[in-house]
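Just entry25.cif here, mmCIF, C-alpha atoms:
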```cif
data_query
#
loop_
_atom_site.label_atom_id
_atom_site.label_comp_id
_atom_site.auth_asym_id
_atom_site.auth_seq_id
_atom_site.Cartn_x
_atom_site.Cartn_y
_atom_site.Cartn_z
CA MET A 252 -19.30 0.16 -1.80
CA ASN A 253 -20.16 -1.25 -5.23
CA SER A 254 -18.36 1.59 -6.97
CA LEU A 255 -15.20 0.77 -5.00
CA PHE A 256 -15.41 -2.91 -5.89
CA THR A 257 -16.00 -1.99 -9.54
CA ALA A 258 -12.96 0.31 -9.44
CA ILE A 259 -10.80 -2.45 -7.93
CA TYR A 260 -11.92 -4.94 -10.58
CA ASN A 261 -11.41 -2.42 -13.40
CA HIS A 262 -7.89 -1.77 -12.15
CA PHE A 263 -7.28 -5.52 -11.97
CA SER A 264 -8.53 -6.18 -15.51
CA ALA A 265 -6.89 -3.16 -17.11
CA THR A 266 -3.80 -5.19 -18.02
CA THR A 267 -4.63 -8.77 -18.95
CA ASP A 268 -1.55 -10.08 -20.71
CA SER A 269 0.88 -9.73 -17.81
CA GLY A 270 1.05 -9.08 -14.06
CA PHE A 271 -1.44 -10.20 -11.45
CA TYR A 272 -4.39 -10.70 -13.86
CA ASN A 273 -2.30 -13.03 -15.96
CA ASP A 274 -0.91 -14.85 -12.89
CA VAL A 275 -4.39 -15.77 -11.62
CA SER A 276 -5.74 -16.17 -15.17
CA GLY A 277 -8.38 -13.52 -14.45
CA ARG A 278 -9.80 -15.45 -11.46
CA MET A 279 -10.54 -12.72 -8.93
CA TYR A 280 -13.83 -13.19 -7.09
CA LEU A 281 -15.82 -10.83 -4.89
CA GLY A 282 -16.65 -12.20 -1.41
CA HIS A 283 -16.02 -15.89 -2.02
CA ALA A 284 -14.82 -18.20 -4.75
CA PRO A 285 -17.24 -20.56 -6.47
CA GLN A 286 -17.02 -24.16 -5.27
CA GLY A 287 -14.24 -26.07 -6.99
CA ALA A 288 -12.61 -22.91 -8.38
CA THR A 289 -9.38 -23.59 -10.25
CA PHE A 290 -6.17 -22.57 -8.48
CA PRO A 291 -4.58 -20.11 -8.29
CA TYR A 292 -7.22 -17.50 -7.58
CA CYS A 293 -7.93 -14.39 -5.55
CA VAL A 294 -10.89 -13.34 -3.39
CA TYR A 295 -11.40 -9.70 -2.42
CA PHE A 296 -13.86 -8.29 0.05
CA SER A 297 -14.53 -5.45 2.45
CA VAL A 298 -13.47 -5.94 6.05
CA SER A 299 -15.49 -2.91 7.17
CA ASP A 300 -18.84 -3.70 8.72
CA ASP A 301 -21.48 -2.78 6.13
CA ASN A 302 -23.81 -1.56 8.89
CA ASP A 303 -21.35 1.21 9.72
CA LEU A 304 -21.11 2.52 6.18
CA ASP A 305 -23.84 4.91 5.14
CA PHE A 306 -21.83 6.95 2.64
CA SER A 307 -23.15 10.15 4.19
CA ASP A 308 -19.69 11.18 5.36
CA GLU A 309 -17.41 13.32 3.25
CA HIS A 310 -14.63 10.80 3.81
CA GLU A 311 -14.78 7.03 3.92
CA ASP A 312 -12.04 4.80 5.21
CA PHE A 313 -12.38 1.19 4.09
CA LEU A 314 -10.36 -1.84 4.94
CA THR A 315 -10.22 -4.18 1.96
CA GLN A 316 -8.66 -7.62 1.97
CA PHE A 317 -7.32 -9.81 -0.83
CA ASN A 318 -6.92 -13.55 -0.21
CA ILE A 319 -4.72 -15.31 -2.72
CA PHE A 320 -4.56 -19.09 -2.88
CA SER A 321 -2.32 -21.49 -4.74
CA GLN A 322 -2.40 -25.28 -4.58
CA ASN A 323 1.16 -26.32 -5.07
CA SER A 324 3.83 -28.30 -3.24
CA SER A 325 6.15 -25.38 -3.75
CA ALA A 326 5.66 -21.99 -2.12
CA VAL A 327 7.09 -20.22 -5.17
CA GLU A 328 3.78 -19.77 -6.99
CA ALA A 329 2.10 -18.18 -3.93
CA GLY A 330 5.15 -15.98 -3.38
CA ASN A 331 5.01 -14.78 -6.99
CA LEU A 332 1.28 -14.10 -6.69
CA LEU A 333 1.92 -11.99 -3.60
CA LYS A 334 4.62 -10.09 -5.44
CA SER A 335 2.43 -9.35 -8.44
CA LEU A 336 -0.56 -8.42 -6.25
CA LYS A 337 1.63 -5.88 -4.45
CA ALA A 338 2.97 -4.56 -7.75
CA MET A 339 -0.58 -4.04 -8.99
CA PHE A 340 -2.27 -2.57 -5.92
CA ASP A 341 0.34 -0.93 -3.65
CA ASP A 342 -0.37 2.84 -3.72
CA CYS A 343 -2.41 2.37 -6.89
CA SER A 344 -4.69 4.98 -8.36
CA LEU A 345 -8.35 4.01 -8.73
CA THR A 346 -11.26 5.64 -10.54
CA VAL A 347 -14.22 5.39 -8.16
CA THR A 348 -17.47 6.84 -9.51
CA GLY A 349 -18.69 9.72 -7.31
CA TRP A 350 -15.58 9.70 -5.16
CA ARG A 351 -12.12 11.15 -5.29
CA HIS A 352 -9.63 8.44 -4.55
CA LEU A 353 -7.05 9.48 -1.97
CA SER A 354 -5.00 6.43 -1.12
CA PHE A 355 -4.65 2.66 -1.31
CA LYS A 356 -2.14 1.67 1.34
CA ARG A 357 -1.05 -1.86 2.09
CA GLY A 358 -1.49 -2.98 5.70
CA GLY A 359 -0.76 -6.42 7.09
CA VAL A 360 0.17 -9.52 5.10
CA TYR A 361 -0.70 -12.81 6.81
CA PRO A 362 -0.11 -16.42 5.74
CA ASN A 363 -3.31 -18.32 4.98
CA ASN A 364 -2.26 -21.93 4.41
CA ASP A 365 -3.94 -25.30 4.66
CA PHE A 366 -1.36 -28.06 4.83
CA SER A 367 -4.02 -30.72 5.38
CA GLN A 368 -4.75 -30.61 1.63
CA ASP A 369 -2.71 -32.56 -0.89
CA PRO A 370 -1.01 -30.75 -2.56
CA PRO A 371 -1.13 -28.12 0.18
CA ILE A 372 -2.93 -24.81 -0.16
CA ILE A 373 -0.51 -21.94 0.22
CA GLY A 374 -2.04 -18.54 0.51
CA TYR A 375 -1.76 -15.01 1.81
CA SER A 376 -4.23 -12.49 3.18
CA VAL A 377 -3.30 -8.94 2.30
CA GLU A 378 -4.99 -5.87 3.79
CA TYR A 379 -5.33 -2.50 2.09
CA ASP A 380 -6.59 0.68 3.66
CA VAL A 381 -8.60 2.72 1.18
CA LEU A 382 -9.35 6.39 1.68
CA LEU A 383 -12.03 8.12 -0.42
CA GLU A 384 -13.41 11.64 -0.43
CA LYS A 385 -16.80 12.58 -1.84
CA GLU A 386 -16.53 14.24 -5.23
CA ARG A 387 -17.85 17.80 -5.28
CA SER A 388 -19.96 18.85 -8.23
CA MET B 1246 19.95 35.32 43.70
CA SER B 1247 18.56 31.96 44.78
CA ALA B 1248 17.54 29.23 42.33
CA PHE B 1249 13.90 29.07 41.33
CA LYS B 1250 12.20 25.79 42.12
CA MET B 1251 8.67 24.73 41.43
CA ASP B 1252 7.23 21.40 42.44
CA TRP B 1253 4.52 20.43 39.92
CA ASN B 1254 3.79 17.11 41.65
CA GLY B 1255 4.84 15.26 38.50
CA ALA B 1256 4.77 11.81 40.07
CA LYS B 1257 1.23 12.33 41.36
CA VAL B 1258 -0.02 13.75 38.04
CA LEU B 1259 1.52 10.91 36.06
CA ALA B 1260 0.14 8.29 38.42
CA ALA B 1261 -3.36 9.80 38.15
CA THR B 1262 -3.09 9.98 34.35
CA ARG B 1263 -1.91 6.39 34.15
CA LYS B 1264 -4.84 5.28 36.30
CA ILE B 1265 -7.29 7.02 33.97
CA THR B 1266 -5.74 5.75 30.72
CA ASP B 1267 -5.70 2.23 32.14
CA ARG B 1268 -9.38 2.42 33.08
CA VAL B 1269 -10.37 3.85 29.68
CA ALA B 1270 -8.24 1.23 27.85
CA LYS B 1271 -10.10 -1.53 29.68
CA GLU B 1272 -13.47 0.08 28.87
CA VAL B 1273 -12.55 0.42 25.19
CA ALA B 1274 -11.33 -3.19 24.97
CA THR B 1275 -14.63 -4.29 26.53
CA ASP B 1276 -16.58 -2.18 23.99
CA VAL B 1277 -14.58 -3.73 21.13
CA MET B 1278 -15.29 -7.20 22.52
CA GLU B 1279 -19.05 -6.54 22.82
CA ASP B 1280 -19.25 -5.06 19.31
CA ALA B 1281 -17.24 -7.98 17.91
CA LYS B 1282 -19.69 -10.36 19.58
CA SER B 1283 -22.71 -8.65 18.08
CA ILE B 1284 -21.15 -8.57 14.59
CA LEU B 1285 -20.27 -12.27 14.86
CA LYS B 1286 -23.77 -13.07 16.12
CA ARG B 1287 -25.16 -11.46 12.96
CA LYS B 1288 -22.71 -13.15 10.59
CA ALA B 1289 -22.31 -16.61 12.19
CA LYS B 1290 -23.87 -19.32 10.06
CA THR B 1291 -22.68 -22.54 11.65
CA THR B 1292 -22.74 -23.99 15.16
CA THR B 1293 -18.92 -23.81 15.23
CA ASP B 1294 -19.02 -20.08 14.36
CA ARG B 1295 -21.64 -19.47 17.04
CA GLY B 1296 -19.49 -21.44 19.50
CA LEU B 1297 -16.96 -18.61 19.35
CA LEU B 1298 -19.47 -16.31 21.07
CA SER B 1299 -18.56 -17.85 24.43
CA GLN B 1300 -14.81 -17.59 23.82
CA PHE B 1301 -14.28 -13.83 24.05
CA SER B 1302 -12.16 -12.21 26.73
CA VAL B 1303 -10.43 -8.95 27.64
CA GLU B 1304 -6.83 -9.41 28.81
CA LYS B 1305 -4.22 -7.09 30.23
CA SER B 1306 -1.71 -6.52 27.46
CA LYS B 1307 1.69 -8.13 27.89
CA TYR B 1308 3.29 -5.51 25.64
CA LYS B 1309 5.44 -2.66 26.96
CA THR B 1310 2.91 -0.07 25.80
CA GLY B 1311 0.42 -1.57 28.25
CA GLY B 1312 -3.36 -1.34 27.96
CA TYR B 1313 -5.87 -4.09 27.37
CA THR B 1314 -6.64 -6.32 24.40
CA ALA B 1315 -9.86 -7.97 23.26
CA HIS B 1316 -9.48 -11.62 22.28
CA CYS B 1317 -11.46 -14.39 20.71
CA GLN B 1318 -10.01 -17.81 21.63
CA GLY B 1319 -7.43 -16.44 24.03
CA PRO B 1320 -4.22 -14.44 23.69
CA GLY B 1321 -1.24 -15.63 21.64
CA ASN B 1322 -2.82 -18.83 20.38
CA TRP B 1323 -0.32 -19.94 17.77
CA HIS B 1324 -1.58 -23.46 18.22
CA PRO B 1325 -5.10 -24.88 17.78
CA PRO B 1326 -7.87 -23.79 18.08
CA TYR B 1327 -7.57 -21.48 15.09
CA HIS B 1328 -11.22 -21.22 14.20
CA ALA B 1329 -11.58 -17.52 15.11
CA SER B 1330 -8.83 -16.55 12.69
CA PHE B 1331 -10.39 -18.69 9.94
CA VAL B 1332 -13.70 -16.87 10.41
CA GLU B 1333 -12.02 -13.46 10.54
CA MET B 1334 -9.69 -13.89 7.57
CA GLY B 1335 -11.50 -16.50 5.48
CA THR B 1336 -9.96 -19.66 4.07
CA PHE B 1337 -9.89 -21.22 0.62
CA LYS B 1338 -13.01 -23.13 1.66
CA ASP B 1339 -14.82 -20.64 3.86
CA GLU B 1340 -16.13 -17.20 3.13
CA PRO B 1341 -14.56 -14.55 5.41
CA LYS B 1342 -16.79 -13.09 8.13
CA PRO B 1343 -14.65 -10.36 9.73
CA PHE B 1344 -15.80 -9.39 13.22
CA MET B 1345 -12.75 -8.23 15.23
CA ARG B 1346 -11.37 -5.65 12.80
CA PRO B 1347 -14.75 -3.97 12.10
CA ALA B 1348 -15.34 -3.75 15.87
CA THR B 1349 -11.91 -2.17 16.39
CA LYS B 1350 -12.52 0.35 13.61
CA LYS B 1351 -15.94 1.21 15.02
CA ASN B 1352 -14.40 2.08 18.40
CA LYS B 1353 -11.39 4.07 17.16
CA HIS B 1354 -12.96 7.53 17.38
CA LYS B 1355 -15.07 6.59 20.40
CA ALA B 1356 -11.88 5.63 22.26
CA ASN B 1357 -10.30 9.04 21.61
CA ARG B 1358 -13.45 10.82 22.79
CA LYS B 1359 -13.64 8.66 25.94
CA LEU B 1360 -10.02 9.32 26.84
CA ARG B 1361 -10.31 13.07 26.24
CA LYS B 1362 -13.45 13.21 28.40
CA ALA B 1363 -11.82 11.24 31.22
CA LEU B 1364 -8.65 13.37 31.17
CA ASP B 1365 -10.69 16.58 31.20
CA LYS B 1366 -12.01 15.54 34.60
CA LEU B 1367 -8.48 15.20 36.02
#
```
Now, as a test, write the supplied structure out as C-alpha coordinates.
Amino acid sequence: MNSLFTAIYNHFSATTDSGFYNDVSGRMYLGHAPQGATFPYCVYFSVSDDNDLDFSDEHEDFLTQFNIFSQNSSAVEAGNLLKSLKAMFDDCSLTVTGWRHLSFKRGGVYPNNDFSQDPPIIGYSVEYDVLLEKERS
Amino acid sequence: MSAFKMDWNGAKVLAATRKITDRVAKEVATDVMEDAKSILKRKAKTTTDRGLLSQFSVEKSKYKTGGYTAHCQGPGNWHPPYHASFVEMGTFKDEPKPFMRPATKKNKHKANRKLRKALDKL
(Lines of atoms letter the chains of each structure in order from A and count residues from 1; the text may use other names and numbers.)
(Lines give C-alpha, C1' and ligand atoms only; values in the text may rest on other atoms or scores of the structure.)
Protein backbone atom coordinates (compact mmCIF):
# COMPACT_ATOMS: atom_id res chain seq x y z
CA MET A 1 0.00 0.00 0.00
CA ASN A 2 2.81 2.40 0.93
CA SER A 3 4.54 1.85 -2.39
CA LEU A 4 1.34 2.82 -4.20
CA PHE A 5 0.95 5.98 -2.14
CA THR A 6 4.61 6.83 -2.75
CA ALA A 7 4.10 6.30 -6.49
CA ILE A 8 1.03 8.57 -6.49
CA TYR A 9 2.91 11.30 -4.62
CA ASN A 10 5.96 10.98 -6.89
CA HIS A 11 3.73 11.35 -9.92
CA PHE A 12 2.07 14.37 -8.31
CA SER A 13 5.38 16.09 -7.50
CA ALA A 14 7.12 15.26 -10.77
CA THR A 15 5.99 18.56 -12.32
CA THR A 16 5.92 21.40 -9.81
CA ASP A 17 5.77 24.56 -11.89
CA SER A 18 2.45 23.88 -13.61
CA GLY A 19 -0.61 21.61 -13.50
CA PHE A 20 -2.24 20.14 -10.43
CA TYR A 21 0.82 20.46 -8.12
CA ASN A 22 1.01 24.15 -8.89
CA ASP A 23 -2.77 24.61 -8.53
CA VAL A 24 -2.79 23.24 -4.97
CA SER A 25 0.64 24.72 -4.21
CA GLY A 26 1.95 21.24 -3.40
CA ARG A 27 -0.69 20.64 -0.69
CA MET A 28 -1.66 17.01 -1.19
CA TYR A 29 -2.09 15.08 2.06
CA LEU A 30 -2.40 11.37 2.73
CA GLY A 31 -5.51 10.35 4.72
CA HIS A 32 -6.47 13.73 6.15
CA ALA A 33 -5.39 17.33 6.01
CA PRO A 34 -3.75 18.98 9.01
CA GLN A 35 -6.07 21.22 11.02
CA GLY A 36 -6.33 24.69 9.53
CA ALA A 37 -4.72 23.65 6.22
CA THR A 38 -4.63 26.44 3.65
CA PHE A 39 -7.06 26.14 0.75
CA PRO A 40 -7.03 24.83 -1.88
CA TYR A 41 -5.73 21.38 -1.05
CA CYS A 42 -6.13 17.71 -1.86
CA VAL A 43 -6.47 14.61 0.33
CA TYR A 44 -5.88 11.15 -1.11
CA PHE A 45 -6.55 7.82 0.51
CA SER A 46 -7.39 4.19 -0.12
CA VAL A 47 -11.06 3.24 -0.15
CA SER A 48 -10.20 -0.47 0.01
CA ASP A 49 -10.48 -2.04 3.44
CA ASP A 50 -6.91 -2.57 4.68
CA ASN A 51 -7.94 -5.83 6.35
CA ASP A 52 -8.70 -7.33 2.94
CA LEU A 53 -5.32 -6.48 1.45
CA ASP A 54 -2.56 -8.94 2.20
CA PHE A 55 -0.53 -8.43 -0.97
CA SER A 56 -0.26 -12.18 -1.41
CA ASP A 57 -2.28 -12.10 -4.62
CA GLU A 58 -0.65 -11.74 -8.01
CA HIS A 59 -3.07 -8.92 -8.80
CA GLU A 60 -4.37 -6.16 -6.58
CA ASP A 61 -7.30 -3.95 -7.38
CA PHE A 62 -7.42 -0.78 -5.29
CA LEU A 63 -9.96 1.96 -5.13
CA THR A 64 -8.25 5.27 -4.43
CA GLN A 65 -10.02 8.55 -3.80
CA PHE A 66 -8.88 12.15 -4.14
CA ASN A 67 -10.82 14.87 -2.29
CA ILE A 68 -10.13 18.37 -3.53
CA PHE A 69 -11.33 21.40 -1.60
CA SER A 70 -11.42 25.09 -2.40
CA GLN A 71 -12.80 27.87 -0.21
CA ASN A 72 -14.12 30.39 -2.63
CA SER A 73 -17.41 32.12 -3.42
CA SER A 74 -16.90 31.12 -7.03
CA ALA A 75 -16.97 27.52 -8.23
CA VAL A 76 -14.33 28.28 -10.86
CA GLU A 77 -11.31 27.44 -8.70
CA ALA A 78 -12.74 24.02 -7.71
CA GLY A 79 -13.67 23.35 -11.34
CA ASN A 80 -10.13 24.14 -12.46
CA LEU A 81 -8.69 21.91 -9.74
CA LEU A 82 -10.88 19.05 -10.93
CA LYS A 83 -9.73 19.64 -14.49
CA SER A 84 -6.05 19.63 -13.58
CA LEU A 85 -6.44 16.59 -11.30
CA LYS A 86 -7.99 14.69 -14.20
CA ALA A 87 -5.25 15.87 -16.56
CA MET A 88 -2.61 14.59 -14.14
CA PHE A 89 -4.09 11.24 -13.08
CA ASP A 90 -6.51 9.98 -15.76
CA ASP A 91 -4.90 6.84 -17.27
CA CYS A 92 -1.55 7.90 -15.85
CA SER A 93 1.48 5.67 -15.66
CA LEU A 94 2.92 5.06 -12.19
CA THR A 95 6.16 3.49 -11.00
CA VAL A 96 5.20 1.26 -8.07
CA THR A 97 8.13 -0.54 -6.42
CA GLY A 98 7.69 -4.33 -6.66
CA TRP A 99 4.62 -4.07 -8.85
CA ARG A 100 3.85 -3.66 -12.50
CA HIS A 101 1.33 -0.92 -12.92
CA LEU A 102 -1.55 -1.90 -15.20
CA SER A 103 -4.10 0.87 -15.05
CA PHE A 104 -5.34 3.99 -13.28
CA LYS A 105 -8.94 4.50 -14.37
CA ARG A 106 -11.19 7.28 -13.18
CA GLY A 107 -14.48 6.18 -11.63
CA GLY A 108 -17.11 8.42 -10.11
CA VAL A 109 -16.81 12.16 -9.48
CA TYR A 110 -19.03 13.46 -6.67
CA PRO A 111 -19.56 16.99 -5.33
CA ASN A 112 -18.28 17.47 -1.78
CA ASN A 113 -19.42 20.95 -0.74
CA ASP A 114 -20.10 22.69 2.54
CA PHE A 115 -22.19 25.80 1.98
CA SER A 116 -22.50 26.44 5.71
CA GLN A 117 -18.97 27.90 5.65
CA ASP A 118 -18.27 31.48 4.66
CA PRO A 119 -16.91 31.63 2.00
CA PRO A 120 -18.32 28.23 1.08
CA ILE A 121 -16.21 25.12 0.67
CA ILE A 122 -16.52 23.75 -2.84
CA GLY A 123 -15.03 20.37 -3.42
CA TYR A 124 -15.08 17.15 -5.39
CA SER A 125 -14.43 13.52 -4.54
CA VAL A 126 -12.85 11.64 -7.40
CA GLU A 127 -12.43 7.86 -7.48
CA TYR A 128 -9.72 5.98 -9.34
CA ASP A 129 -9.50 2.24 -9.81
CA VAL A 130 -5.90 1.07 -9.69
CA LEU A 131 -4.80 -2.30 -11.03
CA LEU A 132 -1.38 -3.71 -10.12
CA GLU A 133 0.36 -6.97 -10.94
CA LYS A 134 3.22 -8.41 -8.91
CA GLU A 135 6.57 -7.90 -10.60
CA ARG A 136 8.32 -11.15 -11.49
CA SER A 137 12.04 -11.38 -10.82
CA MET B 1 -42.61 -32.75 -44.26
CA SER B 2 -44.11 -31.30 -41.08
CA ALA B 3 -42.53 -28.43 -39.14
CA PHE B 4 -40.30 -29.35 -36.23
CA LYS B 5 -41.41 -27.95 -32.90
CA MET B 6 -39.78 -28.28 -29.53
CA ASP B 7 -41.19 -26.84 -26.35
CA TRP B 8 -38.29 -26.00 -24.01
CA ASN B 9 -40.60 -24.61 -21.30
CA GLY B 10 -38.94 -21.21 -21.64
CA ALA B 11 -41.41 -19.39 -19.43
CA LYS B 12 -40.95 -21.90 -16.61
CA VAL B 13 -37.13 -21.88 -16.91
CA LEU B 14 -36.99 -18.09 -16.92
CA ALA B 15 -39.35 -17.83 -13.96
CA ALA B 16 -37.24 -20.32 -11.98
CA THR B 17 -34.02 -18.47 -12.90
CA ARG B 18 -35.53 -15.14 -11.91
CA LYS B 19 -36.58 -16.57 -8.56
CA ILE B 20 -33.04 -17.79 -7.89
CA THR B 21 -31.30 -14.57 -8.97
CA ASP B 22 -33.71 -12.57 -6.84
CA ARG B 23 -33.00 -14.71 -3.78
CA VAL B 24 -29.22 -14.55 -4.31
CA ALA B 25 -29.37 -10.76 -4.89
CA LYS B 26 -31.12 -10.33 -1.55
CA GLU B 27 -28.57 -12.58 0.19
CA VAL B 28 -25.67 -10.63 -1.35
CA ALA B 29 -27.17 -7.26 -0.38
CA THR B 30 -27.57 -8.57 3.17
CA ASP B 31 -23.93 -9.76 3.19
CA VAL B 32 -22.79 -6.33 1.96
CA MET B 33 -24.86 -4.66 4.68
CA GLU B 34 -23.41 -6.89 7.43
CA ASP B 35 -19.83 -6.37 6.22
CA ALA B 36 -20.40 -2.61 5.96
CA LYS B 37 -21.67 -2.65 9.55
CA SER B 38 -18.62 -4.48 10.84
CA ILE B 39 -16.22 -2.17 8.96
CA LEU B 40 -18.04 0.89 10.33
CA LYS B 41 -18.01 -0.59 13.83
CA ARG B 42 -14.21 -0.85 13.58
CA LYS B 43 -13.72 2.63 12.13
CA ALA B 44 -16.40 4.66 13.97
CA LYS B 45 -14.87 7.12 16.40
CA THR B 46 -17.79 9.29 17.46
CA THR B 47 -21.25 8.64 18.87
CA THR B 48 -22.75 10.07 15.66
CA ASP B 49 -20.72 7.62 13.54
CA ARG B 50 -21.78 4.73 15.77
CA GLY B 51 -25.39 5.93 15.50
CA LEU B 52 -25.31 4.90 11.84
CA LEU B 53 -25.02 1.26 12.89
CA SER B 54 -28.77 1.16 13.55
CA GLN B 55 -29.64 2.83 10.24
CA PHE B 56 -28.78 0.07 7.76
CA SER B 57 -31.37 -1.59 5.55
CA VAL B 58 -31.74 -3.80 2.49
CA GLU B 59 -34.31 -2.52 -0.01
CA LYS B 60 -35.78 -3.89 -3.20
CA SER B 61 -34.21 -1.91 -6.02
CA LYS B 62 -36.45 0.53 -7.84
CA TYR B 63 -34.27 0.31 -10.96
CA LYS B 64 -35.30 -1.62 -14.07
CA THR B 65 -32.44 -4.08 -13.62
CA GLY B 66 -34.06 -5.18 -10.36
CA GLY B 67 -32.25 -6.80 -7.45
CA TYR B 68 -31.67 -5.47 -3.97
CA THR B 69 -29.57 -2.63 -2.58
CA ALA B 70 -27.88 -2.16 0.77
CA HIS B 71 -28.42 1.27 2.33
CA CYS B 72 -27.23 3.32 5.23
CA GLN B 73 -29.73 6.09 6.07
CA GLY B 74 -32.34 4.95 3.60
CA PRO B 75 -32.65 4.93 -0.19
CA GLY B 76 -32.46 8.10 -2.30
CA ASN B 77 -31.83 10.49 0.56
CA TRP B 78 -30.95 13.68 -1.29
CA HIS B 79 -32.02 15.61 1.76
CA PRO B 80 -30.74 15.44 5.35
CA PRO B 81 -29.54 13.30 7.06
CA TYR B 82 -26.33 13.13 5.07
CA HIS B 83 -24.03 11.83 7.76
CA ALA B 84 -23.43 8.41 6.16
CA SER B 85 -22.12 10.02 2.99
CA PHE B 86 -19.87 12.35 5.01
CA VAL B 87 -18.35 9.34 6.79
CA GLU B 88 -17.99 7.37 3.55
CA MET B 89 -16.50 10.15 1.40
CA GLY B 90 -14.87 12.40 3.99
CA THR B 91 -15.33 16.16 4.25
CA PHE B 92 -12.93 19.07 4.50
CA LYS B 93 -13.24 18.71 8.28
CA ASP B 94 -13.57 14.97 8.73
CA GLU B 95 -11.28 12.15 7.79
CA PRO B 96 -12.96 9.67 5.40
CA LYS B 97 -13.92 6.28 6.86
CA PRO B 98 -15.22 4.31 3.86
CA PHE B 99 -17.43 1.37 4.82
CA MET B 100 -19.96 0.78 2.00
CA ARG B 101 -17.56 0.58 -0.94
CA PRO B 102 -15.07 -1.78 0.78
CA ALA B 103 -17.99 -4.04 1.75
CA THR B 104 -19.25 -4.07 -1.84
CA LYS B 105 -15.79 -4.88 -3.18
CA LYS B 106 -15.37 -7.67 -0.64
CA ASN B 107 -18.57 -9.35 -1.84
CA LYS B 108 -18.03 -8.99 -5.60
CA HIS B 109 -16.44 -12.40 -6.18
CA LYS B 110 -18.51 -14.05 -3.46
CA ALA B 111 -21.68 -12.89 -5.24
CA ASN B 112 -20.60 -14.51 -8.52
CA ARG B 113 -19.77 -17.78 -6.74
CA LYS B 114 -23.12 -17.76 -4.89
CA LEU B 115 -25.09 -17.18 -8.07
CA ARG B 116 -23.21 -19.87 -10.00
CA LYS B 117 -23.78 -22.36 -7.16
CA ALA B 118 -27.49 -21.56 -6.96
CA LEU B 119 -27.98 -21.83 -10.73
CA ASP B 120 -26.13 -25.15 -10.83
CA LYS B 121 -28.87 -26.58 -8.64
CA LEU B 122 -31.58 -25.54 -11.11
Legend entry - Matched chain/residue IDs from the PyMOL selection byres ((chain A and resi 261-265) around 12), as a count of residues only: 38
Legend entry - Atomic separation - atom CA of Asp1276 of chain B relative to atom CA of Lys1264 of chain B, Å: 18.6 Å
Legend entry - Interface residues on chain A facing chain B, 7 Å, all atoms listed in the file, written as a ChimeraX atom specification: /A:282-283,298-300,320,363
Output file for the residues above (C-alpha atoms, as a tab-separated table (two decimals), keeping the file's coordinate frame):
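Output below, filename result14.tsv:
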```
chain	number	residue	atom	x	y	z
A	282	GLY	CA	-16.65	-12.20	-1.41
A	283	HIS	CA	-16.02	-15.89	-2.02
A	298	VAL	CA	-13.47	-5.94	6.05
A	299	SER	CA	-15.49	-2.91	7.17
A	300	ASP	CA	-18.84	-3.70	8.72
A	320	PHE	CA	-4.56	-19.09	-2.88
A	363	ASN	CA	-3.31	-18.32	4.98
```
Which neighbours of Ser1302 of chain B fall inside 12 Å, counting only C-alpha atoms, when residues of the same chain fewer than 6 positions from it are skipped, and could you give them as a CSV table (one decimal) with C-alpha atoms, in the frame of the given file?
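Output saved as out-v7.csv:
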```csv
chain,number,residue,atom,x,y,z
B,1271,LYS,CA,-10.1,-1.5,29.7
B,1274,ALA,CA,-11.3,-3.2,25.0
B,1275,THR,CA,-14.6,-4.3,26.5
B,1276,ASP,CA,-16.6,-2.2,24.0
B,1277,VAL,CA,-14.6,-3.7,21.1
B,1278,MET,CA,-15.3,-7.2,22.5
B,1279,GLU,CA,-19.0,-6.5,22.8
B,1281,ALA,CA,-17.2,-8.0,17.9
B,1282,LYS,CA,-19.7,-10.4,19.6
B,1313,TYR,CA,-5.9,-4.1,27.4
B,1314,THR,CA,-6.6,-6.3,24.4
B,1315,ALA,CA,-9.9,-8.0,23.3
B,1316,HIS,CA,-9.5,-11.6,22.3
B,1317,CYS,CA,-11.5,-14.4,20.7
B,1318,GLN,CA,-10.0,-17.8,21.6
B,1319,GLY,CA,-7.4,-16.4,24.0
B,1320,PRO,CA,-4.2,-14.4,23.7
```
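Minimum distance to Lys334 of chain A across A:Tyr375, A:Gln286, A:Asn364, A:Lys385 (counting all atoms listed in the file) occurs at A:Tyr375.
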Kindly provide, as lines of an AutoDock Vina configuration file, the centre and edge lengths (Å, one decimal) of an axis-aligned box around all atoms of segment 352-370 of chain A given in the file, with 3 Å on each side.
```
center_x = -4.7
center_y = -11.5
center_z = 1.3
size_x = 15.8
size_y = 48.0
size_z = 17.6
```
Legend entry - A:Phe296, A:His310, A:Asp365, A:Ile373 ranked by distance to Ser324 of chain A, top pick (using all atoms listed in the file):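 That would be A:Ile373, the residue with the smallest distance to Ser324 of chain A.
For the pair atom CA of Val294 of chain A and atom CA of Gly374 of chain A, the interatomic distance is 11.0 Å.
The coordinates place atom CA of Lys1288 of chain B at 19.9 Å from atom CA of Ser376 of chain A.
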Hits from the PyMOL selection byres ((chain A and resi 313) around 8), listed as an mmCIF file with C-alpha atoms, in the coordinates of the input:
```cif
data_model
loop_
_atom_site.group_PDB
_atom_site.id
_atom_site.type_symbol
_atom_site.label_atom_id
_atom_site.label_comp_id
_atom_site.auth_asym_id
_atom_site.auth_seq_id
_atom_site.Cartn_x
_atom_site.Cartn_y
_atom_site.Cartn_z
ATOM 1 C CA SER A 297 -14.530 -5.450 2.450
ATOM 2 C CA VAL A 298 -13.470 -5.940 6.050
ATOM 3 C CA SER A 299 -15.490 -2.910 7.170
ATOM 4 C CA GLU A 311 -14.780 7.030 3.920
ATOM 5 C CA ASP A 312 -12.040 4.800 5.210
ATOM 6 C CA LEU A 314 -10.360 -1.840 4.940
ATOM 7 C CA THR A 315 -10.220 -4.180 1.960
ATOM 8 C CA ASP A 380 -6.590 0.680 3.660
ATOM 9 C CA VAL A 381 -8.600 2.720 1.180
ATOM 10 C CA LEU A 382 -9.350 6.390 1.680
#
```
Legend entry - Among the residues B:Glu1304, B:Asp1294, B:Glu1272, B:Asp1252, the one that comes closest to Lys1359 of chain B [using all atoms listed in the file]: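 Comparing B:Glu1304, B:Asp1294, B:Glu1272, B:Asp1252 against Lys1359 of chain B, the winner is B:Glu1272.
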Inset, instruction - Compute the distance from (-3.9, -17.0, -6.9) to each atom, counting all atoms listed in the file, keep the residues with any atom at most 7 Å away, and return them as a ChimeraX atom specification; use the coordinates of the file. - result: /A:275,290-293,319-321,329,332
Inset, instruction - May I have the protein, DNA and RNA residues with an atom at most 10 Å from (-17.8, -18.9, 21.2), counting all atoms listed in the file in the file's coordinates, returned as number ranges by chain? - result: B: 1282, 1285-1286, 1292-1301, 1317-1318, 1328-1329
